[in-house]
Structures are given as C-alpha cells and as structure tokens.
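Peer 1: If it helps, the file is called query.txt and holds compact mmCIF, C-alpha atoms:
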# COMPACT_ATOMS: atom_id res chain seq x y z
CA MET A 16 136.46 92.52 102.94
CA GLU A 17 135.75 96.12 102.01
CA ILE A 18 133.87 97.25 98.91
CA THR A 19 133.29 100.81 97.70
CA ILE A 20 129.94 101.39 96.02
CA ALA A 21 129.08 104.35 93.78
CA LEU A 22 125.37 105.22 93.61
CA ALA A 23 124.57 106.87 90.28
CA GLN A 24 121.39 108.82 91.03
CA MET A 25 120.40 109.67 87.46
CA ALA A 26 117.64 111.91 86.13
CA VAL A 27 116.57 109.39 83.50
CA VAL A 28 114.96 110.87 80.37
CA PRO A 29 112.24 108.51 79.02
CA GLY A 30 112.63 107.74 75.34
CA GLU A 31 116.16 109.25 75.17
CA PRO A 32 118.51 106.27 75.49
CA ASP A 33 121.47 108.05 73.89
CA ALA A 34 121.28 110.88 76.43
CA ASN A 35 120.91 108.44 79.32
CA LEU A 36 123.86 106.42 78.09
CA ARG A 37 126.09 109.50 77.93
CA VAL A 38 125.24 110.29 81.56
CA ALA A 39 125.92 106.70 82.63
CA GLN A 40 129.25 106.70 80.79
CA ALA A 41 130.35 109.88 82.57
CA LEU A 42 129.28 108.52 85.96
CA ALA A 43 131.08 105.22 85.32
CA ALA A 44 134.29 107.06 84.41
CA GLU A 45 134.11 109.22 87.54
CA SER A 46 133.30 106.23 89.75
CA SER A 47 136.28 104.32 88.44
CA ASP A 48 138.59 107.33 88.81
CA ARG A 49 137.50 107.70 92.43
CA GLY A 50 138.25 104.09 93.27
CA ALA A 51 134.79 102.54 93.36
CA ASP A 52 134.48 98.77 92.99
CA LEU A 53 130.81 98.82 91.98
CA LEU A 54 128.65 101.29 90.06
CA MET A 55 124.91 101.08 90.74
CA LEU A 56 122.54 102.46 88.10
CA PRO A 57 118.83 103.06 88.78
CA GLU A 58 116.00 100.86 87.53
CA LEU A 59 115.47 101.01 83.75
CA TRP A 60 118.33 103.52 83.58
CA LEU A 61 118.49 103.53 79.77
CA THR A 62 114.80 103.99 78.89
CA GLY A 63 112.78 104.94 81.96
CA TYR A 64 109.18 103.79 82.24
CA ASP A 65 108.36 103.83 78.55
CA LEU A 66 106.29 100.69 79.09
CA ALA A 67 103.98 101.13 76.12
CA ARG A 68 107.08 100.26 74.06
CA ALA A 69 108.27 97.52 76.41
CA VAL A 70 108.39 94.75 73.82
CA GLU A 71 110.17 97.04 71.34
CA LEU A 72 112.75 98.18 73.91
CA ALA A 73 113.43 94.74 75.35
CA ALA A 74 116.52 92.77 74.35
CA PRO A 75 117.79 89.30 75.17
CA LEU A 76 119.90 89.09 78.32
CA ASP A 77 123.48 90.26 77.57
CA GLU A 78 122.32 92.19 74.51
CA GLY A 79 120.92 95.73 74.14
CA ALA A 80 121.01 97.65 77.43
CA PHE A 81 122.61 94.66 79.13
CA ALA A 82 125.49 94.72 76.65
CA LEU A 83 125.91 98.43 77.37
CA MET A 84 126.28 97.68 81.09
CA ALA A 85 128.84 94.99 80.30
CA ASP A 86 130.74 97.48 78.14
CA LEU A 87 130.71 100.11 80.91
CA ALA A 88 132.11 97.53 83.31
CA ARG A 89 134.82 96.38 80.91
CA ARG A 90 135.81 99.85 79.74
CA HIS A 91 136.12 101.30 83.23
CA GLN A 92 137.26 98.12 85.04
CA ILE A 93 134.43 98.26 87.54
CA HIS A 94 131.45 96.11 88.52
CA VAL A 95 128.15 97.49 87.20
CA VAL A 96 124.56 96.70 88.18
CA GLY A 97 121.28 98.07 86.82
CA THR A 98 118.04 96.87 85.26
CA ALA A 99 116.66 96.62 81.75
CA LEU A 100 113.86 94.81 79.98
CA ALA A 101 114.86 91.26 79.07
CA ALA A 102 113.04 89.89 76.03
CA ARG A 103 111.35 86.50 75.94
CA SER A 104 110.72 84.30 72.93
CA VAL A 105 107.05 84.23 73.96
CA GLY A 106 105.31 86.62 76.34
CA LYS A 107 106.00 89.96 77.99
CA PRO A 108 109.57 90.91 78.96
CA PHE A 109 111.04 90.69 82.44
CA ASN A 110 112.39 93.71 84.31
CA THR A 111 115.78 92.16 85.00
CA ALA A 112 118.57 93.34 87.28
CA ALA A 113 121.99 92.22 86.04
CA LEU A 114 125.44 92.49 87.62
CA TYR A 115 128.55 92.56 85.42
CA GLY A 116 132.21 92.17 86.37
CA PRO A 117 135.18 94.26 85.17
CA ASP A 118 135.82 91.77 82.36
CA GLY A 119 132.27 92.29 81.07
CA SER A 120 131.03 88.89 82.21
CA ARG A 121 127.60 88.58 83.79
CA LEU A 122 127.87 87.51 87.42
CA ALA A 123 124.20 87.62 88.45
CA ALA A 124 120.71 88.25 87.14
CA TYR A 125 117.35 88.58 88.87
CA ARG A 126 113.86 89.01 87.42
CA LYS A 127 111.66 91.44 89.36
CA VAL A 128 109.20 89.33 91.35
CA HIS A 129 106.69 92.00 92.42
CA LEU A 130 105.04 94.15 89.74
CA TRP A 131 103.44 97.54 90.45
CA ALA A 132 100.05 97.45 88.72
CA PRO A 133 99.15 101.21 88.88
CA LEU A 134 102.18 102.02 86.71
CA GLY A 135 101.28 99.42 84.08
CA GLU A 136 103.91 96.85 85.01
CA VAL A 137 101.40 94.00 85.20
CA GLU A 138 100.13 94.89 81.74
CA HIS A 139 103.54 95.20 80.09
CA MET A 140 105.90 92.92 82.06
CA SER A 141 106.17 89.36 83.29
CA ALA A 142 106.92 88.64 86.96
CA GLY A 143 109.94 86.64 88.02
CA GLU A 144 109.60 83.46 90.06
CA GLU A 145 113.09 82.98 91.57
CA MET A 146 115.04 84.57 94.45
CA PRO A 147 118.69 83.67 93.82
CA VAL A 148 121.72 84.63 95.92
CA PHE A 149 125.14 84.79 94.28
CA ASP A 150 128.80 84.44 95.26
CA TRP A 151 131.13 87.23 94.14
CA PRO A 152 134.55 88.53 95.26
CA TRP A 153 133.23 90.24 98.42
CA GLY A 154 130.89 87.52 99.66
CA ARG A 155 127.22 86.70 99.01
CA VAL A 156 125.01 89.18 97.16
CA ALA A 157 121.36 89.29 96.12
CA LEU A 158 119.52 91.57 93.72
CA ALA A 159 116.06 93.12 94.07
CA VAL A 160 114.15 95.81 92.16
CA CYS A 161 112.14 98.79 93.45
CA TYR A 162 108.67 97.54 94.53
CA ASP A 163 110.31 94.40 95.94
CA LEU A 164 111.34 96.60 98.87
CA ARG A 165 107.80 96.41 100.28
CA PHE A 166 107.85 92.62 100.72
CA PRO A 167 109.86 91.51 103.77
CA GLU A 168 109.35 87.82 102.97
CA LEU A 169 111.64 88.15 99.96
CA TRP A 170 114.35 89.81 102.03
CA ARG A 171 114.20 87.20 104.79
CA ARG A 172 114.69 84.56 102.11
CA PHE A 173 117.82 86.41 100.99
CA ALA A 174 119.13 86.48 104.57
CA LEU A 175 118.47 82.79 105.15
CA SER A 176 120.30 82.05 101.88
CA GLY A 177 123.41 83.77 103.21
CA ALA A 178 123.21 87.21 101.56
CA GLN A 179 125.49 89.83 103.10
CA LEU A 180 124.53 92.63 100.70
CA VAL A 181 121.40 93.28 98.64
CA LEU A 182 121.55 95.68 95.70
CA ILE A 183 118.26 97.31 94.69
CA PRO A 184 118.03 99.61 91.66
CA SER A 185 114.82 101.62 91.76
CA GLU A 186 112.55 104.27 90.29
CA TRP A 187 110.79 105.18 93.53
CA PRO A 188 108.37 108.15 93.29
CA ALA A 189 108.99 111.40 95.13
CA LYS A 190 105.56 111.41 96.81
CA ARG A 191 106.40 108.20 98.73
CA ILE A 192 110.10 108.81 99.24
CA GLU A 193 109.84 108.54 103.03
CA HIS A 194 108.67 104.95 102.58
CA TRP A 195 111.82 104.25 100.53
CA ARG A 196 114.09 105.76 103.19
CA LEU A 197 112.39 103.79 105.95
CA PHE A 198 112.28 100.46 104.10
CA LEU A 199 115.98 100.51 103.16
CA ARG A 200 116.95 100.72 106.82
CA ALA A 201 114.20 98.33 107.96
CA ARG A 202 115.16 95.59 105.49
CA ALA A 203 118.80 95.97 106.58
CA VAL A 204 118.27 95.85 110.35
CA GLU A 205 115.64 93.10 110.37
CA ASN A 206 117.93 90.83 108.31
CA GLN A 207 121.32 92.03 109.60
CA PHE A 208 122.88 92.70 106.22
CA PHE A 209 123.78 95.68 104.05
CA VAL A 210 121.22 97.15 101.65
CA ALA A 211 122.32 99.47 98.83
CA GLY A 212 119.54 101.27 96.98
CA CYS A 213 120.09 103.41 93.88
CA ASN A 214 117.04 105.50 93.00
CA ARG A 215 116.16 107.70 90.07
CA ALA A 216 115.90 111.46 90.60
CA GLY A 217 114.06 114.29 88.88
CA ALA A 218 110.81 114.66 86.96
CA GLY A 219 110.02 113.24 83.54
CA ALA A 220 107.08 112.42 81.32
CA ASP A 221 106.60 109.23 83.34
CA GLY A 222 106.52 110.87 86.78
CA GLU A 223 108.59 112.52 89.50
CA TYR A 224 111.22 110.45 91.25
CA GLY A 225 112.59 111.01 94.70
CA GLY A 226 116.32 110.22 94.77
CA PHE A 227 117.69 109.64 98.30
CA SER A 228 119.85 106.74 97.13
CA ALA A 229 121.42 105.19 100.22
CA VAL A 230 123.30 102.34 101.82
CA ALA A 231 122.09 100.96 105.16
CA ASP A 232 124.21 98.74 107.40
CA PRO A 233 123.22 95.65 109.47
CA TRP A 234 122.39 97.92 112.42
CA GLY A 235 119.91 99.94 110.36
CA GLN A 236 122.13 103.01 110.12
CA ALA A 237 122.66 104.96 106.90
CA VAL A 238 126.28 104.64 105.77
CA THR A 239 125.52 107.25 103.12
CA GLU A 240 122.38 108.92 101.82
CA ALA A 241 121.98 111.28 98.88
CA GLY A 242 119.45 114.08 98.61
CA PRO A 243 116.73 114.53 95.97
CA GLU A 244 118.98 115.87 93.18
CA PRO A 245 120.88 113.86 90.54
CA GLY A 246 124.46 113.06 91.43
CA LEU A 247 126.99 110.47 92.51
CA SER A 248 127.54 109.31 96.09
CA PHE A 249 129.89 106.74 97.59
CA ALA A 250 129.95 104.27 100.48
CA THR A 251 132.69 101.92 101.63
CA LEU A 252 131.44 98.78 103.39
CA ASP A 253 133.12 95.98 105.30
CA LEU A 254 130.94 92.91 104.74
CA GLU A 255 132.50 91.23 107.78
CA GLU A 256 130.24 93.54 109.79
CA VAL A 257 127.35 91.23 108.83
CA GLU A 258 128.85 88.27 110.68
CA HIS A 259 129.78 90.51 113.60
CA ALA A 260 126.19 91.80 113.93
CA ARG A 261 124.70 88.32 113.69
CA ASN A 262 127.10 86.89 116.29
CA LEU A 263 126.57 89.77 118.71
CA PHE A 264 122.78 89.80 118.39
CA PRO A 265 121.70 86.41 116.96
CA PHE A 266 117.96 86.97 116.85
CA LEU A 267 117.54 85.21 113.51
CA ALA A 268 118.25 81.95 115.35
CA ASP A 269 115.14 82.56 117.49
CA ARG A 270 112.75 82.47 114.57
CA ARG A 271 109.85 80.00 114.92
CA PRO A 272 108.69 79.24 111.35
CA GLU A 273 106.68 76.22 112.60
CA VAL A 274 104.42 78.71 114.39
CA TYR A 275 104.21 81.27 111.60
CA GLY A 276 102.81 78.72 109.15
Once you've parsed the file, please lay out its structure as structure tokens.

Peer 2:
Amino acid sequence: MEITIALAQMAVVPGEPDANLRVAQALAAESSDRGADLLMLPELWLTGYDLARAVELAAPLDEGAFALMADLARRHQIHVVGTALAARSVGKPFNTAALYGPDGSRLAAYRKVHLWAPLGEVEHMSAGEEMPVFDWPWGRVALAVCYDLRFPELWRRFALSGAQLVLIPSEWPAKRIEHWRLFLRARAVENQFFVAGCNRAGAGADGEYGGFSAVADPWGQAVTEAGPEPGLSFATLDLEEVEHARNLFPFLADRRPEVYG
C-alpha cells in the first residue's frame, strides 16, 4: 500500500514557539494540498533545544505541543509526527515522538532511548526504556529520535518486531551531516525496511543544523533527499517493497543470535 510522506525541514527558532507554529501550520496546509498522507516535523519542532527551560516547556502527552500536532492533523486531515517534551509527575521530561491521525487521535508514542550528553540531554531529560512497534493503515511503523540513529541494536529490534517503516524526527548538526546521510541508508538496508528522517535546517542560538531530510528504501537507496536549506520535500513509498526485498534476499533469517551473545 502506498503512502506519501512530506518532510518539513524547518529552521526552528529556539524560544519562539509562535513563529515555529506558524511555519508548521503553513507546511501542513501545503502538504495536505499536495496530497501527502503524513507530515513529518523535526525533533523539538516547536521549541528547539531550549533545554535549560525543559521542565517549563514540557507538557503532558496530548497537551501543549502534542495538542498542537493533533490539531494540525485534524485541521488538515493528515497524519502528523514530531517530538516534544512530555512532562512527568516526578522527574525530568521525556523527549517523546508522537504520531497523530487525521481525526486528531494519537496512534503512537515513543520516548527517546538514547540521550546525547554533550548537548545537555542527560542533564535535562529522562531516557525512554521501551521500543514499541505500531500498526497503522499502511502496515507496521516504529518511531525513533535523532541520536537513536547511531545504535543499530535498536533498529534490528524494530525489524524483528515487524516494522516496515521507521520515522525519525531529528536535530542533527551540520558538522556531522554526512553521518546522518550514511546512517539513514545503512539502517534501511541492513534491516530491509524504509527509513524516513526529517531533520532541522539552519543556524540558531542552539547550534547549526544540517538538513538533508531523506527517505531510504529497503535496498539502501534514497527515494528522496533534501539539501541543507529549509523546505518541504515529498516521497511516495510502497510498503509492499519491504516484503519483496526480504523474500528476494532473506539474510535476516541467517542471523545467529546464539553466537552473538
């Protein structure tokens, strides 16, 4: 079954949620008008890495920035995924990716498992402990966030749980953008599924981000790839290609976990 994904490569402005929301609203409207089924927003699309105010900016799941994503989905009749800080009754918030359907209902949520210490994530966030895979109209989908891309164990777990597509919102820095481009294709080909990554673009008070949002297919080829500038790009995928790739080249069946330990 085919799905068209819109990658909203935003130049997020830290500390300016109203401005970021206006950009997201315009991108959601354009994505819907152009027939997209899913709009991907980058990591922390509403606030950027304003982590010193993490507790203040966090909201319960389905409130705050999450409610804004649900409203974008409902208003424009499109699926929407992005991340925001999810508040906890006790402790530091989670950086949580959430996927909403066209009726505004939450279909999936994932708490970022791997935290990037040099940017202050360990100090200001809690790490997730679960790696769920979800059913949705096009098949099986998993969510990941930015730094998770460096950990192939997580992605193999998604594959073994039946994921056909992994969505990864990110704020990947410009100085390591070639790692991002390589890892998107590597995670796709080594697990024989689609990987869609939406990255932040542009420079802000919290750093310079590299863009190059992309979708990679089960053969490790880029279906689409943006450049470094803000903008909207599209990719149409047929998730049946996952089964085709795995039947034609079934190397996952040759794994030997009893040897790996």

Peer 1: Residues near Tyr125 of chain A, anyone? I mean within 10 Å using all atoms listed in the file, not counting same-chain ones fewer than 3 positions away, as a PDB file with C-alpha atoms, keeping the file's coordinate frame.

Peer 2:
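Output file out.pdb follows:
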ATOM      1  CA  THR A  98     118.040  96.870  85.260  1.00  0.00           C
ATOM      2  CA  PHE A 109     111.040  90.690  82.440  1.00  0.00           C
ATOM      3  CA  ASN A 110     112.390  93.710  84.310  1.00  0.00           C
ATOM      4  CA  THR A 111     115.780  92.160  85.000  1.00  0.00           C
ATOM      5  CA  ALA A 112     118.570  93.340  87.280  1.00  0.00           C
ATOM      6  CA  ALA A 113     121.990  92.220  86.040  1.00  0.00           C
ATOM      7  CA  LEU A 114     125.440  92.490  87.620  1.00  0.00           C
ATOM      8  CA  VAL A 128     109.200  89.330  91.350  1.00  0.00           C
ATOM      9  CA  GLY A 143     109.940  86.640  88.020  1.00  0.00           C
ATOM     10  CA  GLU A 144     109.600  83.460  90.060  1.00  0.00           C
ATOM     11  CA  GLU A 145     113.090  82.980  91.570  1.00  0.00           C
ATOM     12  CA  MET A 146     115.040  84.570  94.450  1.00  0.00           C
ATOM     13  CA  PRO A 147     118.690  83.670  93.820  1.00  0.00           C
ATOM     14  CA  VAL A 148     121.720  84.630  95.920  1.00  0.00           C
ATOM     15  CA  ALA A 157     121.360  89.290  96.120  1.00  0.00           C
ATOM     16  CA  LEU A 158     119.520  91.570  93.720  1.00  0.00           C
ATOM     17  CA  ALA A 159     116.060  93.120  94.070  1.00  0.00           C
ATOM     18  CA  VAL A 160     114.150  95.810  92.160  1.00  0.00           C
TER      19      VAL A 160
END

Peer 1: Per residue of segment 92-187 of chain A within 12 Å of segment 225-231 of chain A, which atom pair is closest and at what distance in Å (one decimal), using only C-alpha atoms, listed by chain and increasing number, as a Markdown table?

Peer 2:
| residue | atom | partner | partner_atom | distance |
| --- | --- | --- | --- | --- |
| A:Cys161 | CA | A:Ser228 | CA | 11.7 |
| A:Gln179 | CA | A:Ala231 | CA | 11.8 |
| A:Leu180 | CA | A:Ala231 | CA | 9.8 |
| A:Val181 | CA | A:Val230 | CA | 9.8 |
| A:Leu182 | CA | A:Val230 | CA | 9.2 |
| A:Ile183 | CA | A:Ser228 | CA | 9.9 |
| A:Pro184 | CA | A:Ser228 | CA | 9.2 |
| A:Ser185 | CA | A:Ser228 | CA | 9.0 |
| A:Glu186 | CA | A:Gly225 | CA | 8.1 |
| A:Trp187 | CA | A:Gly225 | CA | 6.2 |

Peer 1: Could you write out the selected residues, including C-alpha atoms, as a PDB file, keeping the file's coordinate frame?

Peer 2:
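Dumped to selection.pdb:
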ATOM      1  CA  CYS A 161     112.140  98.790  93.450  1.00  0.00           C
ATOM      2  CA  GLN A 179     125.490  89.830 103.100  1.00  0.00           C
ATOM      3  CA  LEU A 180     124.530  92.630 100.700  1.00  0.00           C
ATOM      4  CA  VAL A 181     121.400  93.280  98.640  1.00  0.00           C
ATOM      5  CA  LEU A 182     121.550  95.680  95.700  1.00  0.00           C
ATOM      6  CA  ILE A 183     118.260  97.310  94.690  1.00  0.00           C
ATOM      7  CA  PRO A 184     118.030  99.610  91.660  1.00  0.00           C
ATOM      8  CA  SER A 185     114.820 101.620  91.760  1.00  0.00           C
ATOM      9  CA  GLU A 186     112.550 104.270  90.290  1.00  0.00           C
ATOM     10  CA  TRP A 187     110.790 105.180  93.530  1.00  0.00           C
TER      11      TRP A 187
END

Peer 1: Pick out the residues sitting within 7 Å of Leu22 of chain A, and hand them over as a PDB file with C-alpha atoms, keeping the file's coordinate frame; count only C-alpha atoms, and ignore anything fewer than 3 positions along from it in its own chain.

Peer 2:
ATOM      1  CA  LEU A  54     128.650 101.290  90.060  1.00  0.00           C
ATOM      2  CA  MET A  55     124.910 101.080  90.740  1.00  0.00           C
ATOM      3  CA  LEU A  56     122.540 102.460  88.100  1.00  0.00           C
ATOM      4  CA  CYS A 213     120.090 103.410  93.880  1.00  0.00           C
ATOM      5  CA  SER A 228     119.850 106.740  97.130  1.00  0.00           C
ATOM      6  CA  LEU A 247     126.990 110.470  92.510  1.00  0.00           C
ATOM      7  CA  SER A 248     127.540 109.310  96.090  1.00  0.00           C
ATOM      8  CA  PHE A 249     129.890 106.740  97.590  1.00  0.00           C
TER       9      PHE A 249
END

Peer 1: With distances taken over all atoms listed in the file, which of A:Met16, A:Tyr275, A:Tyr162, A:Pro133 is nearest to Glu258 of chain A?

Peer 2: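 Selected residue with least distance to Glu258 of chain A: A:Met16.
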
Peer 1: Using Å and a single decimal, report how far atom CA of Pro108 of chain A sits from atom CA of His94 of chain A.

Peer 2: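 For atom CA of His94 of chain A relative to atom CA of Pro108 of chain A, the distance reads 24.4 Å.
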
Peer 1: Which is closest to Asn206 of chain A among A:Leu59, A:Val70, A:Ala220, A:Leu175, if we use all atoms listed in the file?

Peer 2: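 Counting all atoms listed in the file, the residue closest to Asn206 of chain A is A:Leu175.
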
Peer 1: Which residue, A:Ala85, A:Ala26, A:Ser141, A:Leu122, has the smallest gap to Ala101 of chain A when you use only C-alpha atoms?

Peer 2: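 Of A:Ala85, A:Ala26, A:Ser141, A:Leu122, the one nearest Ala101 of chain A, counting only C-alpha atoms, is A:Ser141.
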
Peer 1: Check the smallest atom-to-atom distance from each of A:Asn35, A:Ser46, A:Thr19, A:Gln24 to Leu252 of chain A using only C-alpha atoms, then report the winner.

Peer 2: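 Among the listed residues, the smallest separation from Leu252 of chain A belongs to A:Thr19.
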
Peer 1: So how many Å separate atom CA of Glu244 of chain A and atom CA of Leu87 of chain A, to one decimal?

Peer 2: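 Separation between atom CA of Glu244 of chain A and atom CA of Leu87 of chain A: 23.2 Å.
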
Peer 1: Which is closest to Phe208 of chain A among A:Met140, A:Val156, A:Ala44, A:Val257, if we use all atoms listed in the file?

Peer 2: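 Nearest candidate to Phe208 of chain A out of A:Met140, A:Val156, A:Ala44, A:Val257: A:Val257.
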
Peer 1: Just how far from atom CA of Pro233 of chain A is atom CA of Arg261 of chain A, in Å to one decimal?

Peer 2: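 Result for atom CA of Arg261 of chain A versus atom CA of Pro233 of chain A: 8.6 Å, one decimal.
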
Peer 1: May I ask which of the residues A:Trp195, A:Trp151, A:Phe173, A:Phe166 is the closest one to His129 of chain A, counting all atoms listed in the file?

Peer 2: A:Phe166

Peer 1: Name all residues at most 12 Å from Asn262 of chain A (count all atoms listed in the file; drop same-chain ones fewer than 6 positions away) and give them as a list in words.

Peer 2: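 Returned residues: Gln207, Pro233, Glu255, Glu256 and Ala268 of chain A.
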
Peer 1: Selected residues, C-alpha atoms, written as a JSON list (two decimals), in the coordinates of the input, please.

Peer 2:
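File out_0.json, as written:
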[["chain", "number", "residue", "atom", "x", "y", "z"],
["A", 207, "GLN", "CA", 121.32, 92.03, 109.60],
["A", 233, "PRO", "CA", 123.22, 95.65, 109.47],
["A", 255, "GLU", "CA", 132.50, 91.23, 107.78],
["A", 256, "GLU", "CA", 130.24, 93.54, 109.79],
["A", 268, "ALA", "CA", 118.25, 81.95, 115.35]]

Peer 1: Kindly complete segment 219-229 of chain A to all heavy atoms; the output should be written as a PDB file, in the coordinates of the input.

Peer 2:
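Output below, filename out.pdb:
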ATOM      1  N   GLY A 219     110.063 113.534  84.963  1.00  0.00           N
ATOM      2  CA  GLY A 219     110.020 113.240  83.540  1.00  0.00           C
ATOM      3  C   GLY A 219     108.591 113.026  83.103  1.00  0.00           C
ATOM      4  O   GLY A 219     107.645 113.166  83.896  1.00  0.00           O
ATOM      5  N   ALA A 220     108.412 112.655  81.851  1.00  0.00           N
ATOM      6  CA  ALA A 220     107.080 112.420  81.320  1.00  0.00           C
ATOM      7  C   ALA A 220     106.381 111.265  82.020  1.00  0.00           C
ATOM      8  O   ALA A 220     105.158 111.147  81.984  1.00  0.00           O
ATOM      9  CB  ALA A 220     107.165 112.149  79.819  1.00  0.00           C
ATOM     10  N   ASP A 221     107.170 110.398  82.666  1.00  0.00           N
ATOM     11  CA  ASP A 221     106.600 109.230  83.340  1.00  0.00           C
ATOM     12  C   ASP A 221     106.516 109.406  84.845  1.00  0.00           C
ATOM     13  O   ASP A 221     106.305 108.432  85.574  1.00  0.00           O
ATOM     14  CB  ASP A 221     107.420 107.980  82.988  1.00  0.00           C
ATOM     15  CG  ASP A 221     108.903 108.140  83.302  1.00  0.00           C
ATOM     16  OD1 ASP A 221     109.342 109.275  83.579  1.00  0.00           O
ATOM     17  OD2 ASP A 221     109.627 107.130  83.268  1.00  0.00           O
ATOM     18  N   GLY A 222     106.693 110.635  85.353  1.00  0.00           N
ATOM     19  CA  GLY A 222     106.520 110.870  86.780  1.00  0.00           C
ATOM     20  C   GLY A 222     107.662 111.622  87.419  1.00  0.00           C
ATOM     21  O   GLY A 222     108.622 112.010  86.753  1.00  0.00           O
ATOM     22  N   GLU A 223     107.553 111.839  88.729  1.00  0.00           N
ATOM     23  CA  GLU A 223     108.590 112.520  89.500  1.00  0.00           C
ATOM     24  C   GLU A 223     109.194 111.537  90.479  1.00  0.00           C
ATOM     25  O   GLU A 223     108.473 110.883  91.248  1.00  0.00           O
ATOM     26  CB  GLU A 223     108.005 113.711  90.261  1.00  0.00           C
ATOM     27  CG  GLU A 223     109.054 114.507  91.021  1.00  0.00           C
ATOM     28  CD  GLU A 223     108.486 115.712  91.738  1.00  0.00           C
ATOM     29  OE1 GLU A 223     107.269 115.951  91.601  1.00  0.00           O
ATOM     30  OE2 GLU A 223     109.250 116.401  92.445  1.00  0.00           O
ATOM     31  N   TYR A 224     110.516 111.455  90.469  1.00  0.00           N
ATOM     32  CA  TYR A 224     111.220 110.450  91.250  1.00  0.00           C
ATOM     33  C   TYR A 224     112.042 111.097  92.347  1.00  0.00           C
ATOM     34  O   TYR A 224     112.516 112.223  92.201  1.00  0.00           O
ATOM     35  CB  TYR A 224     112.045 109.558  90.326  1.00  0.00           C
ATOM     36  CG  TYR A 224     111.136 108.810  89.378  1.00  0.00           C
ATOM     37  CD1 TYR A 224     110.743 109.376  88.170  1.00  0.00           C
ATOM     38  CD2 TYR A 224     110.581 107.598  89.749  1.00  0.00           C
ATOM     39  CE1 TYR A 224     109.848 108.728  87.335  1.00  0.00           C
ATOM     40  CE2 TYR A 224     109.682 106.936  88.930  1.00  0.00           C
ATOM     41  CZ  TYR A 224     109.320 107.505  87.720  1.00  0.00           C
ATOM     42  OH  TYR A 224     108.420 106.861  86.914  1.00  0.00           O
ATOM     43  N   GLY A 225     112.207 110.359  93.466  1.00  0.00           N
ATOM     44  CA  GLY A 225     112.590 111.010  94.700  1.00  0.00           C
ATOM     45  C   GLY A 225     114.053 111.007  95.077  1.00  0.00           C
ATOM     46  O   GLY A 225     114.443 111.657  96.043  1.00  0.00           O
ATOM     47  N   GLY A 226     114.925 110.257  94.380  1.00  0.00           N
ATOM     48  CA  GLY A 226     116.320 110.220  94.770  1.00  0.00           C
ATOM     49  C   GLY A 226     116.507 109.564  96.134  1.00  0.00           C
ATOM     50  O   GLY A 226     115.919 108.528  96.428  1.00  0.00           O
ATOM     51  N   PHE A 227     117.351 110.171  96.983  1.00  0.00           N
ATOM     52  CA  PHE A 227     117.690 109.640  98.300  1.00  0.00           C
ATOM     53  C   PHE A 227     118.251 108.220  98.205  1.00  0.00           C
ATOM     54  O   PHE A 227     117.931 107.340  99.008  1.00  0.00           O
ATOM     55  CB  PHE A 227     116.501 109.707  99.259  1.00  0.00           C
ATOM     56  CG  PHE A 227     116.264 111.082  99.813  1.00  0.00           C
ATOM     57  CD1 PHE A 227     115.396 111.962  99.181  1.00  0.00           C
ATOM     58  CD2 PHE A 227     116.943 111.516 100.949  1.00  0.00           C
ATOM     59  CE1 PHE A 227     115.199 113.248  99.665  1.00  0.00           C
ATOM     60  CE2 PHE A 227     116.741 112.804 101.441  1.00  0.00           C
ATOM     61  CZ  PHE A 227     115.875 113.674 100.804  1.00  0.00           C
ATOM     62  N   SER A 228     119.099 107.989  97.186  1.00  0.00           N
ATOM     63  CA  SER A 228     119.850 106.740  97.130  1.00  0.00           C
ATOM     64  C   SER A 228     120.652 106.595  98.417  1.00  0.00           C
ATOM     65  O   SER A 228     121.155 107.581  98.963  1.00  0.00           O
ATOM     66  CB  SER A 228     120.788 106.744  95.922  1.00  0.00           C
ATOM     67  OG  SER A 228     120.053 106.855  94.722  1.00  0.00           O
ATOM     68  N   ALA A 229     120.788 105.365  98.912  1.00  0.00           N
ATOM     69  CA  ALA A 229     121.420 105.190 100.220  1.00  0.00           C
ATOM     70  C   ALA A 229     121.949 103.774 100.377  1.00  0.00           C
ATOM     71  O   ALA A 229     121.557 102.853  99.655  1.00  0.00           O
ATOM     72  CB  ALA A 229     120.419 105.495 101.330  1.00  0.00           C
TER      73      ALA A 229
END
